[in-house]
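Here's the structure we're looking at; comments come further down.
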Amino acid sequence: IIDYDDKADLVESFEASRDTVSTKVKMHLKQGSFRLKRGPHEGSTDIISLVFDSFEMGGVQRQDNFEAALSLGNFRVFDGTTTNSAYNQIVHVKDGKLIRESEEALNDGNSEIEPFFSAKYEYKPLDNRADNGLTVKLRSMEIIYQRSYVEAVVKFFKPPESQILSVEALLVRFF
């Protein structure tokens, strides 16, 4: 007796493989910034400004796998509280090495600077190394401390005396 089911082979041919992508989402922001400014009565200048390059976020959904990734290309912070300072850039990423991310980059000769920060989360990784996987990379950076910008940021976020009781009541209620 030969045990053969021609319908089983047909059903198997229509089943998707484990690495078949069902949904893929990717977002890229070339450059962005965030600034804290003094009030209009104080001259409306920057207290501190944060500038970043190449922010990417994305995710891939497969039959029994999920991946989410986030990366930030470069990161700089500038002090606006000290005038005529030799160190107005108070945070910067140290020079990165060039990396090649894909075979196309190798063939085209294109290369990118390694991102300042990257994180990747995987639920049931395809290589079965774990149930969940988390990879986080952070390049070294240089931070210059100046008392003036720390005090200015604290002052910016400190509520007026007349509002402190209201803020404390809200914090107690939610925490």
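Letters A, B, ... mark the chains of the structure tokens in the order given; residue numbers begin at 1 per chain; ligand numbers begin at 1, in order shown.
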
For this session: Please run DSSP on the backbone and report, as a VMD selection string, all residues within chain A that come out as alpha helix (DSSP H).
Result: chain A and resid 6 to 14 103 to 108 147 to 157 164 to 174

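Around region 32-41 of chain A, within 6 Å and counting only C-alpha atoms, the residues found are A:Ser44, A:Thr45, A:Asp46, A:Ile47, A:Ile48, A:Ser49, A:Leu50, A:Val51, A:Phe52, once anything fewer than 3 positions away on its own chain is removed.
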
Residues as selected, N, CA, C and O atoms, written as a PDB file, in the first residue's frame, can you do that?
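Listing of result_34.pdb after writing:
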ATOM      1  N   SER A  44      13.310  86.417  23.828  1.00  0.00           N
ATOM      2  CA  SER A  44      12.882  85.344  22.927  1.00  0.00           C
ATOM      3  C   SER A  44      14.046  84.627  22.235  1.00  0.00           C
ATOM      4  O   SER A  44      14.001  84.353  21.042  1.00  0.00           O
ATOM      5  N   THR A  45      15.102  84.334  22.972  1.00  0.00           N
ATOM      6  CA  THR A  45      16.221  83.575  22.421  1.00  0.00           C
ATOM      7  C   THR A  45      16.155  82.131  22.911  1.00  0.00           C
ATOM      8  O   THR A  45      15.420  81.810  23.844  1.00  0.00           O
ATOM      9  N   ASP A  46      16.941  81.273  22.288  1.00  0.00           N
ATOM     10  CA  ASP A  46      16.969  79.868  22.688  1.00  0.00           C
ATOM     11  C   ASP A  46      17.663  79.707  24.031  1.00  0.00           C
ATOM     12  O   ASP A  46      18.711  80.298  24.273  1.00  0.00           O
ATOM     13  N   ILE A  47      17.096  78.873  24.880  1.00  0.00           N
ATOM     14  CA  ILE A  47      17.779  78.442  26.091  1.00  0.00           C
ATOM     15  C   ILE A  47      18.682  77.277  25.714  1.00  0.00           C
ATOM     16  O   ILE A  47      19.865  77.257  26.012  1.00  0.00           O
ATOM     17  N   ILE A  48      18.071  76.334  25.037  1.00  0.00           N
ATOM     18  CA  ILE A  48      18.798  75.145  24.607  1.00  0.00           C
ATOM     19  C   ILE A  48      18.108  74.631  23.341  1.00  0.00           C
ATOM     20  O   ILE A  48      16.899  74.765  23.193  1.00  0.00           O
ATOM     21  N   SER A  49      18.876  74.095  22.419  1.00  0.00           N
ATOM     22  CA  SER A  49      18.278  73.519  21.210  1.00  0.00           C
ATOM     23  C   SER A  49      18.915  72.163  20.929  1.00  0.00           C
ATOM     24  O   SER A  49      20.115  71.983  21.082  1.00  0.00           O
ATOM     25  N   LEU A  50      18.064  71.229  20.546  1.00  0.00           N
ATOM     26  CA  LEU A  50      18.463  69.860  20.258  1.00  0.00           C
ATOM     27  C   LEU A  50      18.201  69.620  18.774  1.00  0.00           C
ATOM     28  O   LEU A  50      17.100  69.915  18.294  1.00  0.00           O
ATOM     29  N   VAL A  51      19.183  69.128  18.047  1.00  0.00           N
ATOM     30  CA  VAL A  51      19.048  68.874  16.617  1.00  0.00           C
ATOM     31  C   VAL A  51      19.417  67.421  16.355  1.00  0.00           C
ATOM     32  O   VAL A  51      20.422  66.930  16.857  1.00  0.00           O
ATOM     33  N   PHE A  52      18.581  66.735  15.564  1.00  0.00           N
ATOM     34  CA  PHE A  52      18.888  65.347  15.225  1.00  0.00           C
ATOM     35  C   PHE A  52      18.728  65.134  13.729  1.00  0.00           C
ATOM     36  O   PHE A  52      17.999  65.851  13.052  1.00  0.00           O
TER      37      PHE A  52
END

Residues of region 103-165 of chain A that have any atom at most 12 Å from an atom of region 75-84 of chain A: could you tabulate them with the shortest-distance atom pair and the distance in Å to one decimal, using only C-alpha atoms, ordered by chain and increasing number, as JSON lines?
{"residue": "A:Pro115", "atom": "CA", "partner": "A:Phe75", "partner_atom": "CA", "distance": 9.5}
{"residue": "A:Phe116", "atom": "CA", "partner": "A:Phe75", "partner_atom": "CA", "distance": 7.0}
{"residue": "A:Phe117", "atom": "CA", "partner": "A:Phe75", "partner_atom": "CA", "distance": 9.0}
{"residue": "A:Leu138", "atom": "CA", "partner": "A:Phe75", "partner_atom": "CA", "distance": 11.4}
{"residue": "A:Arg139", "atom": "CA", "partner": "A:Phe75", "partner_atom": "CA", "distance": 10.5}
{"residue": "A:Ser140", "atom": "CA", "partner": "A:Phe75", "partner_atom": "CA", "distance": 11.1}
{"residue": "A:Met141", "atom": "CA", "partner": "A:Phe75", "partner_atom": "CA", "distance": 9.1}
{"residue": "A:Glu142", "atom": "CA", "partner": "A:Arg76", "partner_atom": "CA", "distance": 9.8}
{"residue": "A:Ile143", "atom": "CA", "partner": "A:Val77", "partner_atom": "CA", "distance": 9.0}
{"residue": "A:Ile144", "atom": "CA", "partner": "A:Asp79", "partner_atom": "CA", "distance": 9.9}
{"residue": "A:Tyr145", "atom": "CA", "partner": "A:Asp79", "partner_atom": "CA", "distance": 10.0}
{"residue": "A:Gln146", "atom": "CA", "partner": "A:Asp79", "partner_atom": "CA", "distance": 8.8}
{"residue": "A:Arg147", "atom": "CA", "partner": "A:Thr81", "partner_atom": "CA", "distance": 9.8}
{"residue": "A:Ser148", "atom": "CA", "partner": "A:Thr81", "partner_atom": "CA", "distance": 6.4}
{"residue": "A:Tyr149", "atom": "CA", "partner": "A:Thr81", "partner_atom": "CA", "distance": 5.8}
{"residue": "A:Val150", "atom": "CA", "partner": "A:Thr81", "partner_atom": "CA", "distance": 9.5}
{"residue": "A:Glu151", "atom": "CA", "partner": "A:Thr81", "partner_atom": "CA", "distance": 9.6}
{"residue": "A:Ala152", "atom": "CA", "partner": "A:Thr81", "partner_atom": "CA", "distance": 7.5}
{"residue": "A:Val153", "atom": "CA", "partner": "A:Thr81", "partner_atom": "CA", "distance": 9.8}

For this session: Quick one: pick out all strand (DSSP E) residues within chain A from a backbone DSSP run and write them as number ranges by chain.
Result: A: 21-37, 46-62, 66-79, 89-93, 98-99, 112-113, 117-123, 132-138, 141-143

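The nearest approach to Ser71 (chain A) among the residues A:Val21, A:Met57, A:Ile113, A:Val167, with only C-alpha atoms taken into account, belongs to A:Met57.
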
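You will find CA of Phe55 (chain A) at 23.5 Å from CA of Asn88 (chain A).
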
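The interatomic distance for the pair CA of Leu134 (chain A) and CA of Phe175 (chain A) works out to 29.1 Å.
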
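Of the residues under consideration (A:Val91, A:Ala86, A:Ala169, A:Ala119), A:Ala119 shows the shortest atom-to-atom contact distance to Glu56 (chain A) when counting only C-alpha atoms.
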
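Using only C-alpha atoms, the residues found no farther than 6 Å from Ser118 (chain A), other than those of its own chain fewer than 3 positions away, are Leu70, Ser71, Val136 and Lys137 of chain A.
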
Now that the selection is made, can you save its residues with all heavy atoms as an mmCIF file, in the first residue's frame?
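Output saved as out_35.cif:
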data_model
loop_
_atom_site.group_PDB
_atom_site.id
_atom_site.type_symbol
_atom_site.label_atom_id
_atom_site.label_comp_id
_atom_site.auth_asym_id
_atom_site.auth_seq_id
_atom_site.Cartn_x
_atom_site.Cartn_y
_atom_site.Cartn_z
ATOM 1 N N LEU A 70 14.190 51.155 15.570
ATOM 2 C CA LEU A 70 14.260 52.597 15.736
ATOM 3 C C LEU A 70 15.722 52.995 15.657
ATOM 4 O O LEU A 70 16.573 52.331 16.247
ATOM 5 C CB LEU A 70 13.677 52.961 17.111
ATOM 6 C CG LEU A 70 13.846 54.349 17.645
ATOM 7 C CD1 LEU A 70 12.831 55.258 16.973
ATOM 8 C CD2 LEU A 70 13.607 54.351 19.143
ATOM 9 N N SER A 71 16.034 54.064 14.919
ATOM 10 C CA SER A 71 17.426 54.532 14.878
ATOM 11 C C SER A 71 17.465 56.048 14.749
ATOM 12 O O SER A 71 16.556 56.669 14.205
ATOM 13 C CB SER A 71 18.203 53.875 13.732
ATOM 14 O OG SER A 71 17.807 54.395 12.492
ATOM 15 N N VAL A 136 20.270 46.843 21.398
ATOM 16 C CA VAL A 136 20.398 48.288 21.569
ATOM 17 C C VAL A 136 21.858 48.658 21.363
ATOM 18 O O VAL A 136 22.747 48.042 21.950
ATOM 19 C CB VAL A 136 19.940 48.735 22.979
ATOM 20 C CG1 VAL A 136 20.109 50.237 23.146
ATOM 21 C CG2 VAL A 136 18.498 48.329 23.235
ATOM 22 N N LYS A 137 22.109 49.674 20.531
ATOM 23 C CA LYS A 137 23.468 50.160 20.289
ATOM 24 C C LYS A 137 23.483 51.669 20.487
ATOM 25 O O LYS A 137 22.571 52.372 20.067
ATOM 26 C CB LYS A 137 23.907 49.839 18.861
ATOM 27 C CG LYS A 137 24.050 48.364 18.577
ATOM 28 C CD LYS A 137 24.487 48.134 17.156
ATOM 29 C CE LYS A 137 24.588 46.655 16.856
ATOM 30 N NZ LYS A 137 24.978 46.408 15.467
#

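Going from CA of Gly59 (chain A) to CA of Val93 (chain A) covers 26.1 Å.
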